[in-house]
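First the structure, in the form of structure tokens, and then the observations on it.
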Amino acid sequence: MFGFFSLLEEQFKKKKIINKKEINFLFSLLETFLKEKINDINEQKIKLKIIGKKNFASNLNKLLKLSEEKTSNNKRLQINLAVNYGSQSELIDAFKELKKNKEVINKKNLNLPENPITDNLGIIMQMKI
């Protein structure tokens, strides 16, 4: 599984980082890529998963949905493409969903280890920072 982060939600909010012209160019680039390459991706048995808020122009939303549907049964490799994704808004949305379902928010249902540093020390030590 591979994950690619592109066009993070925080970049949209900080207009100094990326302007509307650049955003439009990047979206047209994504649209062109999908139109030209989705059949190749599907033939290679690669599953494409788009994560993030899909609130784009209707033609791009349709293309993203079509691309995911076309590749949904592929098993060789999965590519997660984070578009308009923001970890902060993702957490807020998750907490809102828990609250809406009247679930208690605690360490147990958040699946947090007792001590995140020591419980994951082996993984941390293997990281090349």
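Lettering and numbering for the structure tokens are positional, with chains as A, B, ... in the shown order, residues counted from 1 in each chain, and ligands counted from 1 in the shown order.
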
Pick out each residue of range 22-71 of chain A that DSSP on the backbone tags as strand (DSSP E or B); I need them as number ranges by chain.
A: 46-51

Quick one: everything within 8 Å of Glu68 in chain A, counting only C-alpha atoms, minus sequence neighbours fewer than 3 positions away in the same chain. Send it as a tab-separated table (two decimals) with N, CA and C atoms, in the first residue's frame.
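After the write, around-v9.tsv holds the following:
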chain	number	residue	atom	x	y	z
A	47	LYS	N	-5.53	-0.79	-6.98
A	47	LYS	CA	-6.73	-0.18	-6.42
A	47	LYS	C	-6.40	1.26	-6.05
A	48	LEU	N	-7.25	2.18	-6.46
A	48	LEU	CA	-7.06	3.60	-6.14
A	48	LEU	C	-8.11	4.01	-5.12
A	49	LYS	N	-7.66	4.56	-4.01
A	49	LYS	CA	-8.55	5.02	-2.95
A	49	LYS	C	-8.28	6.51	-2.73
A	50	ILE	N	-9.31	7.31	-2.85
A	50	ILE	CA	-9.19	8.75	-2.64
A	50	ILE	C	-9.69	9.06	-1.23
A	64	LEU	N	-13.26	11.12	-9.89
A	64	LEU	CA	-12.66	10.49	-8.71
A	64	LEU	C	-13.48	9.26	-8.31
A	65	LYS	N	-14.80	9.42	-8.29
A	65	LYS	CA	-15.68	8.31	-7.92
A	65	LYS	C	-15.57	7.17	-8.94
A	71	THR	N	-11.51	0.58	-10.02
A	71	THR	CA	-10.38	-0.17	-9.47
A	71	THR	C	-10.69	-0.85	-8.14
A	72	SER	N	-11.93	-0.79	-7.70
A	72	SER	CA	-12.30	-1.23	-6.34
A	72	SER	C	-12.02	-2.70	-6.06

Do you have the CA of Leu30 in chain A-CA of Leu77 in chain A distance handy?
19.7 Å

Taking 6 positions as the minimum chain separation for residues in the same chain, which residues sit within 10 Å of Glu90 in chain A when counting only C-alpha atoms? Answer as a PyMOL selection string.
chain A and resi 52-53+96

Closest to Leu81 in chain A among A:Lys45, A:Lys54, A:Lys21, A:Lys62, using only C-alpha atoms?
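Answer, going by the shortest atom-to-atom distance: A:Lys54.
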
Spatial neighbours of Glu36 in chain A, 12 Å, only C-alpha atoms, chain gap at least 6 places, as a PyMOL selection string
chain A and resi 29-30+42+63+67

Give the helix (DSSP H, G or I) residues of range 17-85 of chain A, as assigned by DSSP on the backbone, as a ChimeraX atom specification.
/A:20-43,58-71

Just write the chosen residues, N, CA and C atoms, as a short mmCIF file (atom, residue, chain, number, x, y, z; two decimals), in the first residue's frame.
data_model
loop_
_atom_site.label_atom_id
_atom_site.label_comp_id
_atom_site.auth_asym_id
_atom_site.auth_seq_id
_atom_site.Cartn_x
_atom_site.Cartn_y
_atom_site.Cartn_z
N LYS A 20 -5.10 30.37 -6.02
CA LYS A 20 -6.19 29.74 -6.76
C LYS A 20 -5.76 29.25 -8.14
N LYS A 21 -4.92 30.00 -8.79
CA LYS A 21 -4.44 29.61 -10.12
C LYS A 21 -3.65 28.29 -10.03
N GLU A 22 -2.80 28.18 -8.99
CA GLU A 22 -2.02 26.97 -8.79
C GLU A 22 -2.92 25.78 -8.46
N ILE A 23 -3.94 26.03 -7.64
CA ILE A 23 -4.88 24.97 -7.27
C ILE A 23 -5.62 24.47 -8.51
N ASN A 24 -6.10 25.39 -9.32
CA ASN A 24 -6.80 25.00 -10.55
C ASN A 24 -5.90 24.19 -11.47
N PHE A 25 -4.64 24.59 -11.57
CA PHE A 25 -3.69 23.85 -12.40
C PHE A 25 -3.50 22.43 -11.87
N LEU A 26 -3.33 22.30 -10.55
CA LEU A 26 -3.11 20.99 -9.95
C LEU A 26 -4.33 20.08 -10.13
N PHE A 27 -5.52 20.66 -10.00
CA PHE A 27 -6.72 19.85 -10.21
C PHE A 27 -6.86 19.43 -11.67
N SER A 28 -6.52 20.31 -12.58
CA SER A 28 -6.60 19.93 -14.00
C SER A 28 -5.55 18.86 -14.32
N LEU A 29 -4.40 18.93 -13.66
CA LEU A 29 -3.36 17.92 -13.82
C LEU A 29 -3.86 16.56 -13.32
N LEU A 30 -4.50 16.54 -12.16
CA LEU A 30 -5.07 15.32 -11.61
C LEU A 30 -6.14 14.76 -12.54
N GLU A 31 -7.00 15.63 -13.02
CA GLU A 31 -8.07 15.21 -13.92
C GLU A 31 -7.50 14.60 -15.21
N THR A 32 -6.52 15.26 -15.79
CA THR A 32 -5.88 14.75 -17.01
C THR A 32 -5.22 13.40 -16.76
N PHE A 33 -4.51 13.30 -15.64
CA PHE A 33 -3.84 12.04 -15.30
C PHE A 33 -4.85 10.90 -15.19
N LEU A 34 -5.93 11.13 -14.46
CA LEU A 34 -6.92 10.06 -14.29
C LEU A 34 -7.57 9.67 -15.61
N LYS A 35 -7.89 10.66 -16.43
CA LYS A 35 -8.51 10.36 -17.73
C LYS A 35 -7.58 9.52 -18.60
N GLU A 36 -6.29 9.83 -18.54
CA GLU A 36 -5.33 9.15 -19.42
C GLU A 36 -4.81 7.83 -18.84
N LYS A 37 -4.78 7.70 -17.53
CA LYS A 37 -4.08 6.57 -16.92
C LYS A 37 -4.94 5.60 -16.12
N ILE A 38 -6.22 5.90 -15.90
CA ILE A 38 -7.01 5.02 -15.04
C ILE A 38 -7.14 3.62 -15.63
N ASN A 39 -7.21 3.51 -16.95
CA ASN A 39 -7.28 2.18 -17.56
C ASN A 39 -5.99 1.40 -17.34
N ASP A 40 -4.85 2.09 -17.44
CA ASP A 40 -3.55 1.44 -17.17
C ASP A 40 -3.46 0.99 -15.71
N ILE A 41 -3.91 1.85 -14.81
CA ILE A 41 -3.90 1.53 -13.38
C ILE A 41 -4.75 0.29 -13.13
N ASN A 42 -5.92 0.26 -13.75
CA ASN A 42 -6.82 -0.88 -13.59
C ASN A 42 -6.22 -2.16 -14.18
N GLU A 43 -5.62 -2.07 -15.34
CA GLU A 43 -4.99 -3.24 -15.97
C GLU A 43 -3.85 -3.80 -15.12
N SER A 58 -18.05 19.28 -10.04
CA SER A 58 -18.79 18.02 -10.23
C SER A 58 -18.09 17.06 -11.19
N ASN A 59 -17.45 17.59 -12.25
CA ASN A 59 -16.78 16.69 -13.19
C ASN A 59 -15.60 15.98 -12.54
N LEU A 60 -14.86 16.66 -11.67
CA LEU A 60 -13.74 16.02 -10.97
C LEU A 60 -14.26 15.03 -9.94
N ASN A 61 -15.32 15.39 -9.21
CA ASN A 61 -15.91 14.46 -8.25
C ASN A 61 -16.36 13.17 -8.93
N LYS A 62 -17.00 13.30 -10.09
CA LYS A 62 -17.45 12.12 -10.84
C LYS A 62 -16.27 11.28 -11.29
N LEU A 63 -15.22 11.92 -11.74
CA LEU A 63 -14.03 11.21 -12.20
C LEU A 63 -13.34 10.48 -11.05
N LEU A 64 -13.26 11.12 -9.89
CA LEU A 64 -12.66 10.49 -8.71
C LEU A 64 -13.48 9.26 -8.31
N LYS A 65 -14.80 9.42 -8.29
CA LYS A 65 -15.68 8.31 -7.92
C LYS A 65 -15.57 7.17 -8.94
N LEU A 66 -15.59 7.50 -10.20
CA LEU A 66 -15.46 6.50 -11.26
C LEU A 66 -14.13 5.75 -11.15
N SER A 67 -13.06 6.48 -10.88
CA SER A 67 -11.74 5.87 -10.75
C SER A 67 -11.69 4.89 -9.59
N GLU A 68 -12.28 5.28 -8.46
CA GLU A 68 -12.32 4.38 -7.31
C GLU A 68 -13.17 3.15 -7.61
N GLU A 69 -14.32 3.36 -8.23
CA GLU A 69 -15.21 2.24 -8.54
C GLU A 69 -14.57 1.28 -9.53
N LYS A 70 -13.93 1.84 -10.54
CA LYS A 70 -13.31 1.01 -11.59
C LYS A 70 -12.23 0.11 -11.02
N THR A 71 -11.51 0.58 -10.02
CA THR A 71 -10.38 -0.17 -9.47
C THR A 71 -10.69 -0.85 -8.14
#

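Reported to one decimal place, the separation of CA of Asn74 in chain A from CA of Phe56 in chain A is 25.5 Å.
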
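Straight-line separation from CA of Val83 in chain A to CA of Ile51 in chain A: 6.3 Å.
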